[in-house]
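*Asks:* Sending over a structure as structure tokens; questions will come in a sec.
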Amino acid sequence: MAAITSGARHTAAPFILHAVTLAVLTALLPAHAADAPATPALGEILVKAKRDDSGNTRNGATTVIDAEQIGKNNAIDLANLARYSPLISVPSAASGSGNIWDGAGNTGINIRGAEGNRVSLELDGIALPDAAPKPDANSTNAFGIGRDYFDPETFREVRIGSGTSPAGAGTPGIGGAVSFITKTPEEYLATRKLYADYKFGYTSDHAQRMHAVTAAAQLSDHLQGLIVGVHRDGEQGKSKGGTPQNPDDWSSDAVLAKLNWTLARDQKLNFTIDNYKAQHDLVFANKLAASYPEGATQDARTERTRYSIEHHYTPGAGLLFDTLDTRAYTQNASVVDQTRASYITGGQPYLRNISTGFYNNSKGLALDATRQLAPLSMLSYGISYEQQESRRPWLEDRTVIKTGAHQVTMKNRMADMDTDKLAAYLRGEFGFTLLGRQATLTPGLRAERRKLTPKNLAAYLIAVPSAAREIREETDSFLTPSLNLSVELAPGFSTYAQYSRGTRLPTAAERTGTYDSFSYTAAGNAYAVLGNPNLQKETSNAFEIGVKGAPANGVELSASAFYTRYSNLIEYAAQPLDPVNYPTITFGLYRPENVGKANTKGIEVSSRFLLGQWAEAMKGYSVALAGGISQGTAENRLTGKQADLPSIQPYKANATFAYDDPALRGGAAFVVSTVRGKKAADDVIADASGARFAVPGSTVMDLTAYWNIGKHAVLNAGIYNLGDKKYWDYASARSLPAGTSAATLADIERYVRPGRNYAVNLKVIY
């Protein structure tokens, strides 16, 4: 493998990113330097991360992580954003864990046992692409392409809604919803005309270096501008395991640019450009085998570009609305993987060049309005329309080494699909007095209609031409209601009860995902994985009760108990052979079906106690306690098998002892997190059984600190896994086979989390 090189991109930060940001700073600084106040307005952007406040009990359990906490967590991707939340984790696919053409990375968020595409992700109200399942692995919940389309440094806050989303705006999820909200000029310019900072960060677990520049300016009485530029580079994640990680030389760049134009007292027009690019040069050293004598290499590129225009109109009373927000956007997202490997089969050497991709281009229009009916009652309503084009090509150019002949095979993983989606919602908030206490009843209803239009069917499952006859234009629709009752027990402290129904329509990849083995079996017969145009909707019925807010001075509390029923869950199932329609498919036929149902239930609690409330000497000190426990059962309607739901996370709790200087000079936190060990049950929904790796329990300690250095600098630092423990993340490692061979033991070791590691970031503020 001498021909494999890495590390070239780490010698310098990209010229274009720094040229753009430096040019903006150069243009802004001279014009506004005299307007900068002596003290930077740090309070405008440093807001405590917390469970959502009591005023938002109408949305159930919600975790809010702001820009300050993202910095303190030294988060470089999705995995570290919510590292201390009890029933939230981020499953990931390790490099080289699938076929040689599969990608790696984070595949979404596991919330209360629901994960993958059952948890929605959106950025500034625009849905991010689904994770791409692997029909060649006969799994709708294993993904060959993840959902890493952003850089956390561009976020103002992240909102994680646990459980089925209540009816309303945005992108609902039957298991949860995550909203990423980007930074805006207003948060920097409330008391000044110019803001600028430079931030450097380093994390040892990925040898990751970050350079970020943020600049905001009051360009005129009516114009505000913002630009954020971020560059990162690093390598494969470290592990305390005994097996070397596959080399990964990577870099990423993100640019967020906004221009806000105040047209009149009651109207504002906002323009946004949001671009993210990442490149990974991967070496699949773990694929070394007789068939792949040199392993494999992969050049993986991810890009997402969004252009949007938003109009905010606040005419006040007298119309059908008091506020009207209109958004038009276009978003193009792509993941392209180029894989190269020497290959030997039947004693014949080949060179495989495999090009795979997942392209999702969308454009849409959304309108959201509110109308105040009375001092304690209001209506929210809206409508949205989106068009999306999805493509998932798979092309191999196989070269016969002896002759130089090329064998070209196309195995697109799904039919090319165009999607039209229309959604509307109506949500009310009606305040009244209940037993002498202030109460709010919040009913909601969301309607959605979707049309799938297949394209280019001549390229669909070429080896089985008759399969294209199954693919047709399809239209689905549904209604999802929700109801929430919130009662204020004390000022700033409320209890709530909530019901939400969720619906997830089968994705184009599930309806038409394909794979076949015809190019590998010379006899003209093979096995095949086909889509299923007759899939039904997945549904959920979620019930939740809880409390949230400040029950006493110096105490913050959020607690909830939940129960959710899932029906019509989709997974692949073996089919009877069909000699009439598919006479050449004789080795096995598989399709996704609505085979599963599941129930989940649990309790999660988080609290924070400000010790200075009871002892003056402890002013600034606090203790935070959080924990979550859940259970789940699953059933396969075809086989009748029942078992525990394997995606349910084990019991997790953490305790934090922190100090935040009352004079705002700095602070520190010591966190102890413990997770119970667990062995995943057989996945009866996927009808998959076998000995699994029993993921051990663990107790991990972290120490973080921050220091406001004078008026113009902030330093964040952290030491993670202080005890240098060897541990695994259950959400990522639960499906690993038991270590009964050298190969399975090596895979288990590759999933070990990093040992003791550290991270630091320094922000210098103008």
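Residues are named by chain letter and number: chains run A, B, ... in the order of the structure tokens, numbers start at 1 in each chain, and ligands are numbered from 1 in the order shown.
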Per residue of segment 730-764 of chain A within 9 Å of segment 638-653 of chain A, what are the shortest atom pair and its distance in Å to one decimal, counting only C-alpha atoms, with rows by chain and residue number, as CSV?
*Replies:*
residue,atom,partner,partner_atom,distance
A:Tyr730,CA,A:Gln649,CA,7.0
A:Ala731,CA,A:Gln649,CA,6.8
A:Arg734,CA,A:Pro646,CA,7.7
A:Ser735,CA,A:Pro646,CA,8.6
*Asks:* Can those selected residues be exported to a file as a short mmCIF file (atom, residue, chain, number, x, y, z; two decimals), in the first residue's frame so that it contains N, CA, C and O atoms?
*Replies:*
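Here's the written file result35.cif:
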data_model
loop_
_atom_site.label_atom_id
_atom_site.label_comp_id
_atom_site.auth_asym_id
_atom_site.auth_seq_id
_atom_site.Cartn_x
_atom_site.Cartn_y
_atom_site.Cartn_z
N TYR A 730 -23.05 2.49 23.27
CA TYR A 730 -24.01 1.43 22.98
C TYR A 730 -24.71 1.67 21.64
O TYR A 730 -24.90 0.72 20.86
N ALA A 731 -25.11 2.89 21.35
CA ALA A 731 -25.86 3.17 20.13
C ALA A 731 -25.08 2.78 18.88
O ALA A 731 -25.67 2.38 17.87
N ARG A 734 -23.90 -1.67 19.44
CA ARG A 734 -24.82 -2.71 19.89
C ARG A 734 -25.01 -3.85 18.89
O ARG A 734 -25.33 -4.97 19.28
N SER A 735 -24.82 -3.58 17.58
CA SER A 735 -25.08 -4.60 16.56
C SER A 735 -23.86 -5.44 16.24
O SER A 735 -23.93 -6.33 15.38
#
*Asks:* What's around Pro551 of chain A at 12 Å? Count only C-alpha atoms, leave out sequence neighbours fewer than 6 positions away in its own chain, and write the answer as a list of chain:residue names.
*Replies:*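 Skipping anything fewer than 6 positions along the chain leaves A:Asp53, A:Ser54, A:Glu488, A:Leu489, A:Ala490, A:Pro491, A:Gly492, A:Phe493, A:Ser494, A:Thr495, A:Leu557, A:Ser558, A:Ala559, A:Ser607, A:Arg608, A:Phe609.
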*Asks:* Restricted to N, CA and C atoms, what would the selected residues look like written as an mmCIF file, in the first residue's frame?
*Replies:*
data_model
loop_
_atom_site.group_PDB
_atom_site.id
_atom_site.type_symbol
_atom_site.label_atom_id
_atom_site.label_comp_id
_atom_site.auth_asym_id
_atom_site.auth_seq_id
_atom_site.Cartn_x
_atom_site.Cartn_y
_atom_site.Cartn_z
ATOM 1 N N ASP A 53 -37.363 26.231 28.853
ATOM 2 C CA ASP A 53 -37.962 26.853 30.027
ATOM 3 C C ASP A 53 -39.440 26.509 30.154
ATOM 4 N N SER A 54 -39.988 26.869 31.302
ATOM 5 C CA SER A 54 -41.360 26.464 31.618
ATOM 6 C C SER A 54 -42.373 27.035 30.648
ATOM 7 N N GLU A 488 -49.771 26.063 35.166
ATOM 8 C CA GLU A 488 -48.732 26.709 35.961
ATOM 9 C C GLU A 488 -48.958 26.396 37.436
ATOM 10 N N LEU A 489 -48.022 25.650 38.029
ATOM 11 C CA LEU A 489 -48.108 25.298 39.443
ATOM 12 C C LEU A 489 -47.617 26.431 40.329
ATOM 13 N N ALA A 490 -46.649 27.174 39.823
ATOM 14 C CA ALA A 490 -46.083 28.329 40.519
ATOM 15 C C ALA A 490 -45.474 29.222 39.451
ATOM 16 N N PRO A 491 -45.233 30.486 39.734
ATOM 17 C CA PRO A 491 -44.602 31.338 38.715
ATOM 18 C C PRO A 491 -43.298 30.724 38.202
ATOM 19 N N GLY A 492 -43.239 30.473 36.908
ATOM 20 C CA GLY A 492 -42.043 29.890 36.317
ATOM 21 C C GLY A 492 -41.934 28.388 36.448
ATOM 22 N N PHE A 493 -42.986 27.715 36.913
ATOM 23 C CA PHE A 493 -42.941 26.251 37.075
ATOM 24 C C PHE A 493 -44.287 25.677 36.679
ATOM 25 N N SER A 494 -44.271 24.759 35.700
ATOM 26 C CA SER A 494 -45.511 24.237 35.134
ATOM 27 C C SER A 494 -45.461 22.727 35.010
ATOM 28 N N THR A 495 -46.640 22.153 34.940
ATOM 29 C CA THR A 495 -46.784 20.744 34.609
ATOM 30 C C THR A 495 -47.546 20.644 33.291
ATOM 31 N N LEU A 557 -35.734 22.399 37.308
ATOM 32 C CA LEU A 557 -36.151 20.999 37.244
ATOM 33 C C LEU A 557 -36.914 20.735 35.961
ATOM 34 N N SER A 558 -36.579 19.628 35.328
ATOM 35 C CA SER A 558 -37.333 19.132 34.177
ATOM 36 C C SER A 558 -37.447 17.624 34.324
ATOM 37 N N ALA A 559 -38.665 17.126 34.306
ATOM 38 C CA ALA A 559 -38.880 15.686 34.446
ATOM 39 C C ALA A 559 -40.042 15.281 33.559
ATOM 40 N N SER A 607 -31.896 18.290 36.539
ATOM 41 C CA SER A 607 -32.073 19.309 37.564
ATOM 42 C C SER A 607 -30.777 20.073 37.761
ATOM 43 N N ARG A 608 -30.906 21.274 38.314
ATOM 44 C CA ARG A 608 -29.743 22.103 38.620
ATOM 45 C C ARG A 608 -30.030 22.893 39.886
ATOM 46 N N PHE A 609 -29.060 22.892 40.793
ATOM 47 C CA PHE A 609 -29.219 23.553 42.080
ATOM 48 C C PHE A 609 -28.113 24.598 42.233
#
*Asks:* Contacts of Phe180 of chain A at 9 Å or less, counting only C-alpha atoms, minus same-chain residues fewer than 3 places along, as a VMD selection string?
*Replies:* chain A and resid 121 to 125 152 155 to 160
*Asks:* Taking the DSSP assignment computed from this structure's backbone, write out as a PyMOL selection string all residues of segment 214-283 of chain A that belong to strand (DSSP E or B).
*Replies:* chain A and resi 214-218+223-234+248-264+267-283
*Asks:* Output the selection as a tab-separated table (two decimals), in the first residue's frame - C-alpha atoms for each residue.
*Replies:*
chain	number	residue	atom	x	y	z
A	214	THR	CA	-17.06	35.89	12.52
A	215	ALA	CA	-17.82	39.47	11.47
A	216	ALA	CA	-21.05	41.43	11.82
A	217	ALA	CA	-21.63	45.08	10.91
A	218	GLN	CA	-24.34	47.72	10.84
A	223	LEU	CA	-28.76	47.08	6.59
A	224	GLN	CA	-26.98	44.54	8.81
A	225	GLY	CA	-24.50	41.95	7.60
A	226	LEU	CA	-22.92	38.79	9.01
A	227	ILE	CA	-20.30	36.38	7.73
A	228	VAL	CA	-18.97	33.28	9.45
A	229	GLY	CA	-16.10	31.30	7.91
A	230	VAL	CA	-14.89	28.00	9.37
A	231	HIS	CA	-12.09	25.67	8.32
A	232	ARG	CA	-11.27	22.38	9.99
A	233	ASP	CA	-8.80	19.63	9.24
A	234	GLY	CA	-7.99	16.45	11.09
A	248	ASP	CA	-8.78	9.26	7.43
A	249	ASP	CA	-7.25	12.54	6.27
A	250	TRP	CA	-10.10	15.04	6.24
A	251	SER	CA	-10.93	18.72	5.98
A	252	SER	CA	-14.08	20.82	5.91
A	253	ASP	CA	-15.08	24.40	5.13
A	254	ALA	CA	-18.25	26.27	6.01
A	255	VAL	CA	-19.39	29.76	5.08
A	256	LEU	CA	-22.53	31.44	6.43
A	257	ALA	CA	-23.39	34.88	5.03
A	258	LYS	CA	-26.47	36.92	5.93
A	259	LEU	CA	-27.77	40.34	4.94
A	260	ASN	CA	-30.76	41.78	6.81
A	261	TRP	CA	-32.59	44.71	5.24
A	262	THR	CA	-35.21	46.65	7.21
A	263	LEU	CA	-37.65	47.81	4.54
A	264	ALA	CA	-40.00	49.61	6.93
A	267	GLN	CA	-41.07	44.70	7.37
A	268	LYS	CA	-37.68	43.06	7.11
A	269	LEU	CA	-36.03	41.14	4.28
A	270	ASN	CA	-33.25	38.62	5.06
A	271	PHE	CA	-30.88	36.99	2.57
A	272	THR	CA	-28.81	33.90	3.47
A	273	ILE	CA	-26.06	31.91	1.78
A	274	ASP	CA	-25.03	28.77	3.65
A	275	ASN	CA	-22.36	26.45	2.24
A	276	TYR	CA	-20.65	23.40	3.74
A	277	LYS	CA	-18.00	21.19	2.14
A	278	ALA	CA	-16.07	18.23	3.54
A	279	GLN	CA	-13.53	15.88	2.01
A	280	HIS	CA	-12.24	12.59	3.46
A	281	ASP	CA	-9.33	10.59	2.06
A	282	LEU	CA	-9.96	7.18	3.58
A	283	VAL	CA	-7.91	4.02	3.64
*Asks:* Residues near Gly546 of chain A, anyone? I mean within 10 Å using only C-alpha atoms, not counting same-chain ones fewer than 6 positions away, as a PDB file with N, CA and C atoms, in the first residue's frame.
*Replies:*
ATOM      1  N   THR A  57     -43.598  24.453  27.918  1.00  0.00           N
ATOM      2  CA  THR A  57     -44.173  23.140  28.206  1.00  0.00           C
ATOM      3  C   THR A  57     -45.191  22.748  27.145  1.00  0.00           C
ATOM      4  N   GLY A  60     -43.662  20.005  25.046  1.00  0.00           N
ATOM      5  CA  GLY A  60     -43.134  18.801  25.656  1.00  0.00           C
ATOM      6  C   GLY A  60     -41.671  18.957  26.030  1.00  0.00           C
ATOM      7  N   ALA A  61     -40.968  17.824  26.105  1.00  0.00           N
ATOM      8  CA  ALA A  61     -39.568  17.818  26.531  1.00  0.00           C
ATOM      9  C   ALA A  61     -38.668  18.279  25.391  1.00  0.00           C
ATOM     10  N   SER A 486     -51.123  22.509  29.623  1.00  0.00           N
ATOM     11  CA  SER A 486     -50.077  22.993  30.505  1.00  0.00           C
ATOM     12  C   SER A 486     -50.716  23.799  31.628  1.00  0.00           C
ATOM     13  N   SER A 494     -44.271  24.759  35.700  1.00  0.00           N
ATOM     14  CA  SER A 494     -45.511  24.237  35.134  1.00  0.00           C
ATOM     15  C   SER A 494     -45.461  22.727  35.010  1.00  0.00           C
ATOM     16  N   THR A 495     -46.640  22.153  34.940  1.00  0.00           N
ATOM     17  CA  THR A 495     -46.784  20.744  34.609  1.00  0.00           C
ATOM     18  C   THR A 495     -47.546  20.644  33.291  1.00  0.00           C
ATOM     19  N   TYR A 496     -47.371  19.538  32.601  1.00  0.00           N
ATOM     20  CA  TYR A 496     -48.031  19.393  31.311  1.00  0.00           C
ATOM     21  C   TYR A 496     -48.363  17.934  31.046  1.00  0.00           C
ATOM     22  N   ALA A 497     -49.329  17.731  30.165  1.00  0.00           N
ATOM     23  CA  ALA A 497     -49.676  16.423  29.624  1.00  0.00           C
ATOM     24  C   ALA A 497     -49.858  16.606  28.125  1.00  0.00           C
ATOM     25  N   GLN A 498     -49.357  15.647  27.354  1.00  0.00           N
ATOM     26  CA  GLN A 498     -49.344  15.839  25.899  1.00  0.00           C
ATOM     27  C   GLN A 498     -49.619  14.529  25.176  1.00  0.00           C
ATOM     28  N   SER A 558     -36.579  19.628  35.328  1.00  0.00           N
ATOM     29  CA  SER A 558     -37.333  19.132  34.177  1.00  0.00           C
ATOM     30  C   SER A 558     -37.447  17.624  34.324  1.00  0.00           C
ATOM     31  N   ALA A 559     -38.665  17.126  34.306  1.00  0.00           N
ATOM     32  CA  ALA A 559     -38.880  15.686  34.446  1.00  0.00           C
ATOM     33  C   ALA A 559     -40.042  15.281  33.559  1.00  0.00           C
ATOM     34  N   SER A 560     -39.945  14.110  32.964  1.00  0.00           N
ATOM     35  CA  SER A 560     -41.020  13.646  32.091  1.00  0.00           C
ATOM     36  C   SER A 560     -41.096  12.129  32.125  1.00  0.00           C
ATOM     37  N   ALA A 561     -42.296  11.625  31.947  1.00  0.00           N
ATOM     38  CA  ALA A 561     -42.545  10.198  31.761  1.00  0.00           C
ATOM     39  C   ALA A 561     -43.261  10.036  30.430  1.00  0.00           C
ATOM     40  N   PHE A 562     -42.878   9.053  29.653  1.00  0.00           N
ATOM     41  CA  PHE A 562     -43.417   8.931  28.299  1.00  0.00           C
ATOM     42  C   PHE A 562     -43.763   7.490  27.963  1.00  0.00           C
ATOM     43  N   ILE A 603     -38.552   7.276  31.752  1.00  0.00           N
ATOM     44  CA  ILE A 603     -38.539   8.477  32.578  1.00  0.00           C
ATOM     45  C   ILE A 603     -37.199   9.160  32.387  1.00  0.00           C
ATOM     46  N   GLU A 604     -37.206  10.475  32.273  1.00  0.00           N
ATOM     47  CA  GLU A 604     -35.967  11.235  32.239  1.00  0.00           C
ATOM     48  C   GLU A 604     -36.112  12.467  33.121  1.00  0.00           C
ATOM     49  N   VAL A 605     -35.040  12.779  33.837  1.00  0.00           N
ATOM     50  CA  VAL A 605     -35.043  13.877  34.805  1.00  0.00           C
ATOM     51  C   VAL A 605     -33.746  14.648  34.656  1.00  0.00           C
TER      52      VAL A 605
END
*Asks:* Write out as a ChimeraX atom specification each polymer residue whose atoms come within 12 Å of Lys363 of chain A, counting only C-alpha atoms; drop sequence neighbours fewer than 5 positions from it.
*Replies:* /A:126-127,305-309,327-333,384-389,418-421
*Asks:* Would you mind reading off the distance between atom CA of Gly237 of chain A and atom CA of Ser97 of chain A, one decimal, in Å?
*Replies:*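 Separation between atom CA of Gly237 of chain A and atom CA of Ser97 of chain A: 14.5 Å.
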*Asks:* Have a look at A:Ala424, A:Leu715, A:Val695, A:Ala341 and name the one nearest to Ile383 of chain A; count only C-alpha atoms.
*Replies:*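 For Ile383 of chain A, the nearest of the candidates is A:Ala424.
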*Asks:* Excluding same-chain residues fewer than 5 positions from Phe284 of chain A, what lies within 8 Å of it counting only C-alpha atoms, as JSON, numbers by chain?
*Replies:* {"A": [95, 96, 100, 246, 247, 295, 296, 297, 298]}
*Asks:* Save out the residues we just selected, N, CA, C and O atoms, as an mmCIF file, in the first residue's frame.
*Replies:*
data_model
loop_
_atom_site.group_PDB
_atom_site.id
_atom_site.type_symbol
_atom_site.label_atom_id
_atom_site.label_comp_id
_atom_site.auth_asym_id
_atom_site.auth_seq_id
_atom_site.Cartn_x
_atom_site.Cartn_y
_atom_site.Cartn_z
ATOM 1 N N SER A 95 -15.572 3.689 9.858
ATOM 2 C CA SER A 95 -14.918 3.562 8.555
ATOM 3 C C SER A 95 -14.636 2.094 8.266
ATOM 4 O O SER A 95 -14.053 1.380 9.077
ATOM 5 N N GLY A 96 -15.084 1.632 7.084
ATOM 6 C CA GLY A 96 -14.833 0.254 6.692
ATOM 7 C C GLY A 96 -15.753 -0.760 7.329
ATOM 8 O O GLY A 96 -15.515 -1.958 7.238
ATOM 9 N N ILE A 100 -17.045 -2.088 0.689
ATOM 10 C CA ILE A 100 -15.965 -1.148 0.419
ATOM 11 C C ILE A 100 -16.477 0.169 -0.151
ATOM 12 O O ILE A 100 -15.798 1.188 -0.073
ATOM 13 N N ASN A 246 -8.790 2.918 10.759
ATOM 14 C CA ASN A 246 -8.493 3.176 9.355
ATOM 15 C C ASN A 246 -8.075 4.637 9.175
ATOM 16 O O ASN A 246 -8.730 5.540 9.706
ATOM 17 N N PRO A 247 -6.995 4.892 8.445
ATOM 18 C CA PRO A 247 -6.568 6.280 8.219
ATOM 19 C C PRO A 247 -7.656 7.108 7.532
ATOM 20 O O PRO A 247 -8.351 6.621 6.641
ATOM 21 N N GLY A 295 -6.371 -3.826 0.473
ATOM 22 C CA GLY A 295 -7.457 -3.084 1.094
ATOM 23 C C GLY A 295 -8.169 -2.231 0.054
ATOM 24 O O GLY A 295 -8.351 -2.650 -1.096
ATOM 25 N N ALA A 296 -8.571 -1.038 0.433
ATOM 26 C CA ALA A 296 -9.260 -0.137 -0.494
ATOM 27 C C ALA A 296 -9.044 1.299 -0.040
ATOM 28 O O ALA A 296 -8.727 1.571 1.120
ATOM 29 N N THR A 297 -9.202 2.216 -0.970
ATOM 30 C CA THR A 297 -9.152 3.646 -0.644
ATOM 31 C C THR A 297 -10.441 4.297 -1.121
ATOM 32 O O THR A 297 -11.093 3.819 -2.055
ATOM 33 N N GLN A 298 -10.794 5.389 -0.469
ATOM 34 C CA GLN A 298 -12.028 6.093 -0.837
ATOM 35 C C GLN A 298 -11.835 7.599 -0.698
ATOM 36 O O GLN A 298 -11.310 8.072 0.312
#
*Asks:* Just the residues within 12 Å of Glu294 of chain A, please, counting only C-alpha atoms, with nothing from its chain fewer than 3 positions along; format it as a CSV table (one decimal) with N, CA, C and O atoms, in the first residue's frame.
*Replies:*
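Heads up, here's the output in part.csv:
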chain,number,residue,atom,x,y,z
A,1,MET,N,0.8,-1.2,0.0
A,1,MET,CA,0.0,0.0,0.0
A,1,MET,C,0.9,1.3,0.0
A,1,MET,O,0.5,2.3,0.5
A,2,ALA,N,2.0,1.1,-0.6
A,2,ALA,CA,2.9,2.3,-0.6
A,2,ALA,C,2.4,3.4,-1.4
A,2,ALA,O,2.8,4.6,-1.2
A,3,ALA,N,1.4,3.2,-2.3
A,3,ALA,CA,0.9,4.3,-3.1
A,3,ALA,C,-0.1,5.2,-2.4
A,3,ALA,O,-0.5,6.2,-2.9
A,4,ILE,N,-0.5,4.8,-1.2
A,4,ILE,CA,-1.5,5.5,-0.4
A,4,ILE,C,-0.8,6.6,0.4
A,4,ILE,O,0.1,6.3,1.2
A,283,VAL,N,-8.6,5.3,4.0
A,283,VAL,CA,-7.9,4.0,3.6
A,283,VAL,C,-8.6,2.9,4.4
A,283,VAL,O,-8.6,3.0,5.7
A,284,PHE,N,-9.2,1.9,3.7
A,284,PHE,CA,-9.9,0.8,4.4
A,284,PHE,C,-8.8,-0.3,4.7
A,284,PHE,O,-8.9,-1.3,4.0
A,285,ALA,N,-8.0,-0.1,5.6
A,285,ALA,CA,-7.0,-1.1,5.9
A,285,ALA,C,-7.6,-2.4,6.5
A,285,ALA,O,-7.0,-3.4,6.3
A,286,ASN,N,-8.7,-2.2,7.1
A,286,ASN,CA,-9.4,-3.4,7.7
A,286,ASN,C,-9.9,-4.4,6.6
A,286,ASN,O,-10.4,-5.5,6.9
A,287,LYS,N,-10.0,-3.9,5.3
A,287,LYS,CA,-10.5,-4.8,4.3
A,287,LYS,C,-9.4,-5.6,3.6
A,287,LYS,O,-9.7,-6.4,2.7
A,288,LEU,N,-8.2,-5.6,4.2
A,288,LEU,CA,-7.1,-6.4,3.7
A,288,LEU,C,-7.5,-7.9,3.8
A,288,LEU,O,-7.8,-8.4,4.8
A,289,ALA,N,-7.5,-8.6,2.6
A,289,ALA,CA,-7.9,-10.0,2.6
A,289,ALA,C,-7.5,-10.6,1.3
A,289,ALA,O,-6.9,-9.9,0.4
A,290,ALA,N,-7.7,-11.9,1.1
A,290,ALA,CA,-7.3,-12.5,-0.2
A,290,ALA,C,-7.9,-11.8,-1.4
A,290,ALA,O,-7.3,-11.7,-2.4
A,291,SER,N,-9.2,-11.4,-1.2
A,291,SER,CA,-9.9,-10.8,-2.3
A,291,SER,C,-9.4,-9.3,-2.5
A,291,SER,O,-9.5,-8.8,-3.7
A,297,THR,N,-9.2,2.2,-1.0
A,297,THR,CA,-9.2,3.6,-0.6
A,297,THR,C,-10.4,4.3,-1.1
A,297,THR,O,-11.1,3.8,-2.1
A,340,ARG,N,-11.6,2.8,-4.7
A,340,ARG,CA,-10.6,2.2,-5.6
A,340,ARG,C,-10.0,1.0,-4.9
A,340,ARG,O,-9.6,1.2,-3.7
A,341,ALA,N,-9.9,-0.2,-5.5
A,341,ALA,CA,-9.4,-1.3,-4.9
A,341,ALA,C,-8.9,-2.3,-5.9
A,341,ALA,O,-9.5,-2.6,-6.9
A,342,SER,N,-7.8,-3.0,-5.6
A,342,SER,CA,-7.3,-4.1,-6.3
A,342,SER,C,-8.1,-5.3,-5.8
A,342,SER,O,-8.3,-5.5,-4.6
A,343,TYR,N,-8.5,-6.2,-6.8
A,343,TYR,CA,-9.5,-7.2,-6.4
A,343,TYR,C,-9.1,-8.5,-7.2
A,343,TYR,O,-8.7,-8.5,-8.3
A,344,ILE,N,-9.2,-9.6,-6.5
A,344,ILE,CA,-8.9,-10.9,-7.1
A,344,ILE,C,-10.1,-11.8,-6.8
A,344,ILE,O,-10.6,-12.0,-5.7
A,349,PRO,N,-7.0,-11.1,-11.5
A,349,PRO,CA,-6.8,-9.8,-10.8
A,349,PRO,C,-7.6,-8.7,-11.6
A,349,PRO,O,-7.6,-8.7,-12.8
A,350,TYR,N,-8.2,-7.8,-10.8
A,350,TYR,CA,-8.9,-6.7,-11.4
A,350,TYR,C,-8.6,-5.4,-10.6
A,350,TYR,O,-8.0,-5.5,-9.5
A,351,LEU,N,-9.0,-4.3,-11.2
A,351,LEU,CA,-8.9,-3.0,-10.5
A,351,LEU,C,-10.4,-2.5,-10.5
A,351,LEU,O,-10.9,-2.3,-11.5
A,352,ARG,N,-10.9,-2.3,-9.3
A,352,ARG,CA,-12.3,-1.8,-9.1
A,352,ARG,C,-12.3,-0.3,-8.9
A,352,ARG,O,-11.7,0.1,-7.9
*Asks:* Between A:Pro375, A:Gly161, A:Pro185, A:Gly739, which is the closest to Gly690 of chain A once you count only C-alpha atoms?
*Replies:*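 So, comparing all the options, the nearest one is A:Gly739.
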*Asks:* Measure the distance from atom CA of Thr704 of chain A to atom CA of Glu235 of chain A in Å and round it to one decimal.
*Replies:*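 Computed distance, atom CA of Thr704 of chain A to atom CA of Glu235 of chain A, equals 23.3 Å.
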*Asks:* Go through segment 501-577 of chain A residue by residue and, counting only C-alpha atoms, keep those with an atom at most 8 Å from segment 465-477 of chain A; for each kept residue give the shortest atom pair and its distance in Å to one decimal, ordered by chain and increasing number, as JSON lines.
*Replies:*
{"residue": "A:Leu505", "atom": "CA", "partner": "A:Asp476", "partner_atom": "CA", "distance": 7.7}
{"residue": "A:Thr512", "atom": "CA", "partner": "A:Ile471", "partner_atom": "CA", "distance": 7.3}
{"residue": "A:Leu530", "atom": "CA", "partner": "A:Ala467", "partner_atom": "CA", "distance": 7.8}
{"residue": "A:Pro533", "atom": "CA", "partner": "A:Ile471", "partner_atom": "CA", "distance": 6.7}
